[in-house]
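Asker: Just coords_26.pdb, nothing more (PDB, C-alpha atoms, pLDDT in the B column):
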```
MODEL        1
ATOM      1  CA  VAL A   1       0.000   0.000   0.000  1.00 95.00           C
ATOM      2  CA  GLN A   2       1.321   3.419  -0.934  1.00 97.00           C
ATOM      3  CA  LEU A   3       0.185   6.434   1.062  1.00 98.00           C
ATOM      4  CA  VAL A   4       0.481  10.041  -0.071  1.00 98.00           C
ATOM      5  CA  GLU A   5      -0.359  12.954   2.187  1.00 98.00           C
ATOM      6  CA  SER A   6      -1.376  16.370   0.879  1.00 98.00           C
ATOM      7  CA  GLY A   7      -3.003  19.571   2.056  1.00 98.00           C
ATOM      8  CA  GLY A   8      -0.313  20.928   4.312  1.00 98.00           C
ATOM      9  CA  GLY A   9       0.865  24.500   4.175  1.00 98.00           C
ATOM     10  CA  LEU A  10       1.319  27.742   6.053  1.00 98.00           C
ATOM     11  CA  VAL A  11      -1.618  29.086   8.040  1.00 98.00           C
ATOM     12  CA  GLN A  12      -2.105  31.717  10.711  1.00 98.00           C
ATOM     13  CA  THR A  13      -3.075  30.948  14.278  1.00 98.00           C
ATOM     14  CA  GLY A  14      -6.753  30.132  14.415  1.00 97.00           C
ATOM     15  CA  GLY A  15      -6.872  28.990  10.828  1.00 98.00           C
ATOM     16  CA  SER A  16      -7.839  25.642   9.354  1.00 98.00           C
ATOM     17  CA  LEU A  17      -6.354  23.045   7.057  1.00 98.00           C
ATOM     18  CA  ARG A  18      -7.648  19.799   5.645  1.00 98.00           C
ATOM     19  CA  LEU A  19      -5.103  17.081   5.113  1.00 98.00           C
ATOM     20  CA  SER A  20      -5.678  14.140   2.817  1.00 98.00           C
ATOM     21  CA  CYS A  21      -4.108  10.702   2.813  1.00 98.00           C
ATOM     22  CA  ALA A  22      -4.595   8.926  -0.502  1.00 98.00           C
ATOM     23  CA  ALA A  23      -3.890   5.200  -0.720  1.00 97.00           C
ATOM     24  CA  SER A  24      -3.104   3.010  -3.680  1.00 95.00           C
ATOM     25  CA  GLY A  25      -1.826  -0.442  -4.426  1.00 92.00           C
ATOM     26  CA  GLY A  26      -3.771  -2.430  -1.869  1.00 85.00           C
ATOM     27  CA  THR A  27      -7.121  -3.117  -0.245  1.00 91.00           C
ATOM     28  CA  PHE A  28      -7.560   0.172   1.542  1.00 93.00           C
ATOM     29  CA  SER A  29     -10.624  -0.939   3.470  1.00 93.00           C
ATOM     30  CA  GLY A  30      -8.547  -3.627   5.156  1.00 95.00           C
ATOM     31  CA  TYR A  31      -6.484  -1.085   7.082  1.00 97.00           C
ATOM     32  CA  GLY A  32      -7.020   1.123  10.046  1.00 97.00           C
ATOM     33  CA  ILE A  33      -5.411   4.514   9.496  1.00 98.00           C
ATOM     34  CA  GLY A  34      -3.521   6.640  11.937  1.00 98.00           C
ATOM     35  CA  TRP A  35      -2.306  10.194  11.717  1.00 98.00           C
ATOM     36  CA  PHE A  36       0.915  11.111  13.460  1.00 98.00           C
ATOM     37  CA  ARG A  37       2.948  14.280  13.603  1.00 98.00           C
ATOM     38  CA  GLN A  38       6.541  15.139  14.307  1.00 98.00           C
ATOM     39  CA  ALA A  39       7.770  18.585  15.255  1.00 97.00           C
ATOM     40  CA  PRO A  40      11.433  19.560  14.918  1.00 93.00           C
ATOM     41  CA  GLY A  41      13.501  18.028  17.689  1.00 95.00           C
ATOM     42  CA  LYS A  42      10.597  16.000  19.035  1.00 97.00           C
ATOM     43  CA  GLU A  43       9.464  12.428  18.778  1.00 96.00           C
ATOM     44  CA  ARG A  44       6.705  11.386  16.439  1.00 97.00           C
ATOM     45  CA  GLU A  45       3.382  11.529  18.270  1.00 97.00           C
ATOM     46  CA  PHE A  46      -0.009   9.973  17.700  1.00 97.00           C
ATOM     47  CA  VAL A  47      -2.764  12.324  16.571  1.00 97.00           C
ATOM     48  CA  VAL A  48      -5.792  10.184  15.739  1.00 97.00           C
ATOM     49  CA  GLY A  49      -6.779   6.717  14.575  1.00 97.00           C
ATOM     50  CA  ILE A  50      -9.776   5.600  12.550  1.00 98.00           C
ATOM     51  CA  SER A  51     -11.164   2.130  12.086  1.00 97.00           C
ATOM     52  CA  ARG A  52     -11.553   0.339   8.790  1.00 96.00           C
ATOM     53  CA  ASN A  53     -15.280   1.073   8.643  1.00 94.00           C
ATOM     54  CA  ASP A  54     -15.063   4.784   9.552  1.00 93.00           C
ATOM     55  CA  ARG A  55     -17.242   4.230  12.637  1.00 93.00           C
ATOM     56  CA  VAL A  56     -14.676   4.318  15.413  1.00 95.00           C
ATOM     57  CA  THR A  57     -12.120   7.022  16.066  1.00 94.00           C
ATOM     58  CA  TYR A  58      -9.677   7.817  18.838  1.00 96.00           C
ATOM     59  CA  TYR A  59      -8.019  11.169  19.312  1.00 95.00           C
ATOM     60  CA  ALA A  60      -5.059  12.246  21.360  1.00 94.00           C
ATOM     61  CA  ASP A  61      -6.546  14.064  24.361  1.00 92.00           C
ATOM     62  CA  SER A  62      -4.918  17.389  23.556  1.00 87.00           C
ATOM     63  CA  LEU A  63      -6.521  17.502  20.112  1.00 89.00           C
ATOM     64  CA  LYS A  64     -10.101  16.599  20.855  1.00 77.00           C
ATOM     65  CA  GLY A  65     -12.545  19.174  19.593  1.00 89.00           C
ATOM     66  CA  ARG A  66     -10.156  20.778  17.115  1.00 96.00           C
ATOM     67  CA  PHE A  67      -9.289  17.896  14.791  1.00 97.00           C
ATOM     68  CA  THR A  68     -11.728  15.620  12.973  1.00 97.00           C
ATOM     69  CA  VAL A  69     -10.831  12.499  11.035  1.00 97.00           C
ATOM     70  CA  SER A  70     -12.925  10.775   8.405  1.00 97.00           C
ATOM     71  CA  ARG A  71     -12.411   8.312   5.597  1.00 97.00           C
ATOM     72  CA  ASP A  72     -13.951   7.504   2.244  1.00 96.00           C
ATOM     73  CA  ASN A  73     -13.219   3.903   1.372  1.00 95.00           C
ATOM     74  CA  ALA A  74     -14.710   4.352  -2.094  1.00 95.00           C
ATOM     75  CA  GLU A  75     -12.080   7.037  -2.764  1.00 96.00           C
ATOM     76  CA  ASN A  76      -9.292   5.272  -0.806  1.00 97.00           C
ATOM     77  CA  THR A  77      -8.738   8.463   1.157  1.00 97.00           C
ATOM     78  CA  VAL A  78      -8.620   9.555   4.772  1.00 98.00           C
ATOM     79  CA  TYR A  79      -9.063  13.182   5.759  1.00 98.00           C
ATOM     80  CA  LEU A  80      -7.911  15.167   8.751  1.00 98.00           C
ATOM     81  CA  GLN A  81      -9.755  18.435   9.283  1.00 98.00           C
ATOM     82  CA  MET A  82      -7.759  20.707  11.573  1.00 98.00           C
ATOM     83  CA  ASN A  83      -9.406  23.797  13.026  1.00 98.00           C
ATOM     84  CA  SER A  84      -8.319  26.492  15.472  1.00 97.00           C
ATOM     85  CA  LEU A  85      -4.714  25.766  14.671  1.00 97.00           C
ATOM     86  CA  LYS A  86      -1.998  26.836  17.078  1.00 96.00           C
ATOM     87  CA  PRO A  87       1.742  27.370  16.587  1.00 96.00           C
ATOM     88  CA  GLU A  88       2.366  24.178  18.582  1.00 95.00           C
ATOM     89  CA  ASP A  89       0.553  22.238  15.862  1.00 97.00           C
ATOM     90  CA  THR A  90       3.472  22.973  13.541  1.00 97.00           C
ATOM     91  CA  ALA A  91       4.902  19.644  12.439  1.00 98.00           C
ATOM     92  CA  VAL A  92       5.210  17.188   9.614  1.00 98.00           C
ATOM     93  CA  TYR A  93       2.005  15.166   9.518  1.00 98.00           C
ATOM     94  CA  TYR A  94       2.096  11.523   8.481  1.00 98.00           C
ATOM     95  CA  CYS A  95      -0.588   8.988   7.785  1.00 98.00           C
ATOM     96  CA  ALA A  96       0.023   5.307   8.341  1.00 98.00           C
ATOM     97  CA  ALA A  97      -1.859   2.074   7.698  1.00 98.00           C
ATOM     98  CA  GLN A  98      -2.227  -0.889  10.028  1.00 97.00           C
ATOM     99  CA  ALA A  99      -3.770  -4.129   8.781  1.00 96.00           C
ATOM    100  CA  LEU A 100      -6.722  -5.025  10.999  1.00 96.00           C
ATOM    101  CA  ARG A 101      -8.938  -8.086  10.976  1.00 96.00           C
ATOM    102  CA  LEU A 102     -11.979  -6.472  12.532  1.00 95.00           C
ATOM    103  CA  ALA A 103     -13.744  -3.636  10.724  1.00 93.00           C
ATOM    104  CA  ALA A 104     -14.461  -1.706  13.919  1.00 94.00           C
ATOM    105  CA  ALA A 105     -11.069  -2.185  15.532  1.00 94.00           C
ATOM    106  CA  LEU A 106      -8.914   0.862  16.100  1.00 94.00           C
ATOM    107  CA  PRO A 107      -5.343   1.062  14.930  1.00 96.00           C
ATOM    108  CA  GLY A 108      -2.816   1.494  17.702  1.00 95.00           C
ATOM    109  CA  THR A 109      -1.209   4.620  19.070  1.00 96.00           C
ATOM    110  CA  GLY A 110       2.321   3.300  18.733  1.00 95.00           C
ATOM    111  CA  SER A 111       4.113   4.054  15.497  1.00 95.00           C
ATOM    112  CA  GLY A 112       5.738   0.621  15.469  1.00 95.00           C
ATOM    113  CA  LEU A 113       2.365  -1.051  14.949  1.00 96.00           C
ATOM    114  CA  TYR A 114       1.876   0.302  11.465  1.00 98.00           C
ATOM    115  CA  ASP A 115       2.680  -1.469   8.230  1.00 97.00           C
ATOM    116  CA  TYR A 116       2.883   1.425   5.783  1.00 98.00           C
ATOM    117  CA  TRP A 117       3.717   5.113   6.019  1.00 98.00           C
ATOM    118  CA  GLY A 118       3.421   8.141   3.810  1.00 98.00           C
ATOM    119  CA  HIS A 119       6.223  10.658   3.397  1.00 98.00           C
ATOM    120  CA  GLY A 120       4.455  13.393   5.295  1.00 98.00           C
ATOM    121  CA  THR A 121       3.126  16.882   4.656  1.00 98.00           C
ATOM    122  CA  GLN A 122       4.389  20.011   6.397  1.00 98.00           C
ATOM    123  CA  VAL A 123       1.993  22.097   8.458  1.00 98.00           C
ATOM    124  CA  THR A 124       3.242  25.431   9.714  1.00 98.00           C
ATOM    125  CA  VAL A 125       1.143  27.663  11.933  1.00 98.00           C
ATOM    126  CA  SER A 126       2.382  31.214  12.315  1.00 97.00           C
ATOM    127  CA  SER A 127       1.735  33.279  15.411  1.00 92.00           C
TER     128      SER A 127
ENDMDL
END
```
As structure tokens, what does this structure read like?
Answerer:
Amino acid sequence: VQLVESGGGLVQTGGSLRLSCAASGGTFSGYGIGWFRQAPGKEREFVVGISRNDRVTYYADSLKGRFTVSRDNAENTVYLQMNSLKPEDTAVYYCAAQALRLAAALPGTGSGLYDYWGHGTQVTVSS
């Protein structure tokens, strides 16, 4: 499975961005998808996970209410809507795919659990 992120860019504090993660080369609906981010000098951190069937999501506590994840299995794409952005949201954002047997199972929060990764998209929030 190949994953390609897009939608990053430069935005002012309080602004919004919508990231996309487009998949190809595999059975997209067989994978839970996670979004991670990595800021300069920091470890990669979990942002949100979404189940294969789009019905179950899990957000990092600090991001609840500002970020919303969704997926369109017909389009092989997962979206991350980010609102009320803050300078501390500045990072490279990655999507990753974890093969899951159950449609409603959540992918894990640990980066080592994932089978495939995209190359990332830069999000910069100016103050």
Asker: Evaluate the PyMOL selection byres ((chain A and resi 113-127) around 10) and record the selected residues as a PyMOL selection string, following the chain and residue labels used in the document.
Answerer: chain A and resi 1-17+19-23+31-39+85-99+107-112
Asker: Could you work out an axis-aligned bounding box for all listed atoms of stretch 104-114 of chain A, with 3 Å added on each of the six sides, and give its centre and edge lengths in Å to one decimal, as lines of an AutoDock Vina configuration file?
Answerer:
```
center_x = -4.4
center_y = 1.2
center_z = 15.3
size_x = 26.2
size_y = 12.8
size_z = 13.6
```
Asker: Pick out the residues sitting within 6 Å of A:Gln81, and hand them over as a PyMOL selection string; count all atoms listed in the file, and ignore anything fewer than 3 positions along from it in its own chain.
Answerer: chain A and resi 18+67-68
Asker: Excluding A:Ser62 and any residue of its chain fewer than 2 positions from it, enumerate the residues within 12 Å of it, using all atoms listed in the file, and give them as an MDAnalysis selection string.
Answerer: chainID A and resid 45:48 58:60 64:67 86 88:89
Asker: Compile the contact shell of A:Ala74 as number ranges by chain: residues with an atom at most 12 Å away, counting only C-alpha atoms, same-chain residues fewer than 5 positions apart removed.
Answerer: A: 22-24, 27-29, 53-54
Asker: All heavy atoms are what I want for stretch 40-51 of chain A; can you complete it accordingly and write them as a CSV table (one decimal), keeping the file's coordinate frame?
Answerer:
```
chain,number,residue,atom,x,y,z
A,40,PRO,N,10.0,19.6,14.9
A,40,PRO,CA,11.4,19.6,14.9
A,40,PRO,C,12.0,19.3,16.3
A,40,PRO,O,11.5,19.9,17.3
A,40,PRO,CB,11.8,21.0,14.5
A,40,PRO,CG,10.6,21.4,13.6
A,40,PRO,CD,9.4,20.8,14.3
A,41,GLY,N,12.9,18.3,16.4
A,41,GLY,CA,13.5,18.0,17.7
A,41,GLY,C,12.6,17.2,18.6
A,41,GLY,O,13.1,17.0,19.8
A,42,LYS,N,11.5,16.8,18.2
A,42,LYS,CA,10.6,16.0,19.0
A,42,LYS,C,10.3,14.6,18.4
A,42,LYS,O,10.5,14.4,17.2
A,42,LYS,CB,9.3,16.8,19.3
A,42,LYS,CG,9.5,18.1,20.0
A,42,LYS,CD,8.1,18.7,20.4
A,42,LYS,CE,8.3,19.9,21.2
A,42,LYS,NZ,6.9,20.5,21.5
A,43,GLU,N,9.8,13.7,19.3
A,43,GLU,CA,9.5,12.4,18.8
A,43,GLU,C,8.1,12.5,18.0
A,43,GLU,O,7.3,13.4,18.2
A,43,GLU,CB,9.3,11.5,20.0
A,43,GLU,CG,10.7,11.2,20.6
A,43,GLU,CD,10.5,10.1,21.7
A,43,GLU,OE1,9.4,9.7,22.0
A,43,GLU,OE2,11.6,9.7,22.3
A,44,ARG,N,8.0,11.5,17.2
A,44,ARG,CA,6.7,11.4,16.4
A,44,ARG,C,5.6,11.1,17.4
A,44,ARG,O,5.8,10.2,18.3
A,44,ARG,CB,6.8,10.3,15.4
A,44,ARG,CG,5.7,10.3,14.4
A,44,ARG,CD,6.0,9.3,13.2
A,44,ARG,NE,7.1,9.8,12.5
A,44,ARG,CZ,7.5,9.3,11.3
A,44,ARG,NH1,6.8,8.3,10.8
A,44,ARG,NH2,8.6,9.7,10.7
A,45,GLU,N,4.5,11.7,17.3
A,45,GLU,CA,3.4,11.5,18.3
A,45,GLU,C,2.1,11.2,17.5
A,45,GLU,O,1.8,11.7,16.4
A,45,GLU,CB,3.2,12.8,19.2
A,45,GLU,CG,2.7,14.0,18.5
A,45,GLU,CD,2.3,15.1,19.4
A,45,GLU,OE1,2.2,14.9,20.6
A,45,GLU,OE2,2.1,16.2,19.0
A,46,PHE,N,1.3,10.4,18.2
A,46,PHE,CA,0.0,10.0,17.7
A,46,PHE,C,-1.0,11.1,17.7
A,46,PHE,O,-1.0,11.9,18.7
A,46,PHE,CB,-0.5,8.8,18.6
A,46,PHE,CG,-1.9,8.4,18.2
A,46,PHE,CD1,-2.2,7.5,17.2
A,46,PHE,CD2,-3.0,8.8,19.0
A,46,PHE,CE1,-3.5,7.1,16.9
A,46,PHE,CE2,-4.3,8.4,18.7
A,46,PHE,CZ,-4.5,7.5,17.7
A,47,VAL,N,-1.8,11.3,16.7
A,47,VAL,CA,-2.8,12.3,16.6
A,47,VAL,C,-4.2,11.7,16.7
A,47,VAL,O,-5.0,12.1,17.5
A,47,VAL,CB,-2.6,13.1,15.2
A,47,VAL,CG1,-3.8,14.1,15.1
A,47,VAL,CG2,-1.3,13.8,15.2
A,48,VAL,N,-4.5,10.8,15.8
A,48,VAL,CA,-5.8,10.2,15.7
A,48,VAL,C,-5.7,8.9,15.0
A,48,VAL,O,-4.9,8.7,14.1
A,48,VAL,CB,-6.8,11.1,15.1
A,48,VAL,CG1,-6.4,11.5,13.7
A,48,VAL,CG2,-8.2,10.6,15.1
A,49,GLY,N,-6.6,8.0,15.3
A,49,GLY,CA,-6.8,6.7,14.6
A,49,GLY,C,-8.2,6.5,14.2
A,49,GLY,O,-9.1,7.0,14.9
A,50,ILE,N,-8.4,5.9,13.0
A,50,ILE,CA,-9.8,5.6,12.6
A,50,ILE,C,-9.9,4.2,12.1
A,50,ILE,O,-8.9,3.6,11.5
A,50,ILE,CB,-10.2,6.6,11.4
A,50,ILE,CG1,-11.6,6.4,11.0
A,50,ILE,CG2,-9.2,6.5,10.2
A,50,ILE,CD1,-12.2,7.6,10.2
A,51,SER,N,-11.0,3.5,12.4
A,51,SER,CA,-11.2,2.1,12.1
A,51,SER,C,-11.4,1.9,10.6
A,51,SER,O,-11.6,2.9,9.8
A,51,SER,CB,-12.4,1.6,12.9
A,51,SER,OG,-13.6,2.2,12.4
```
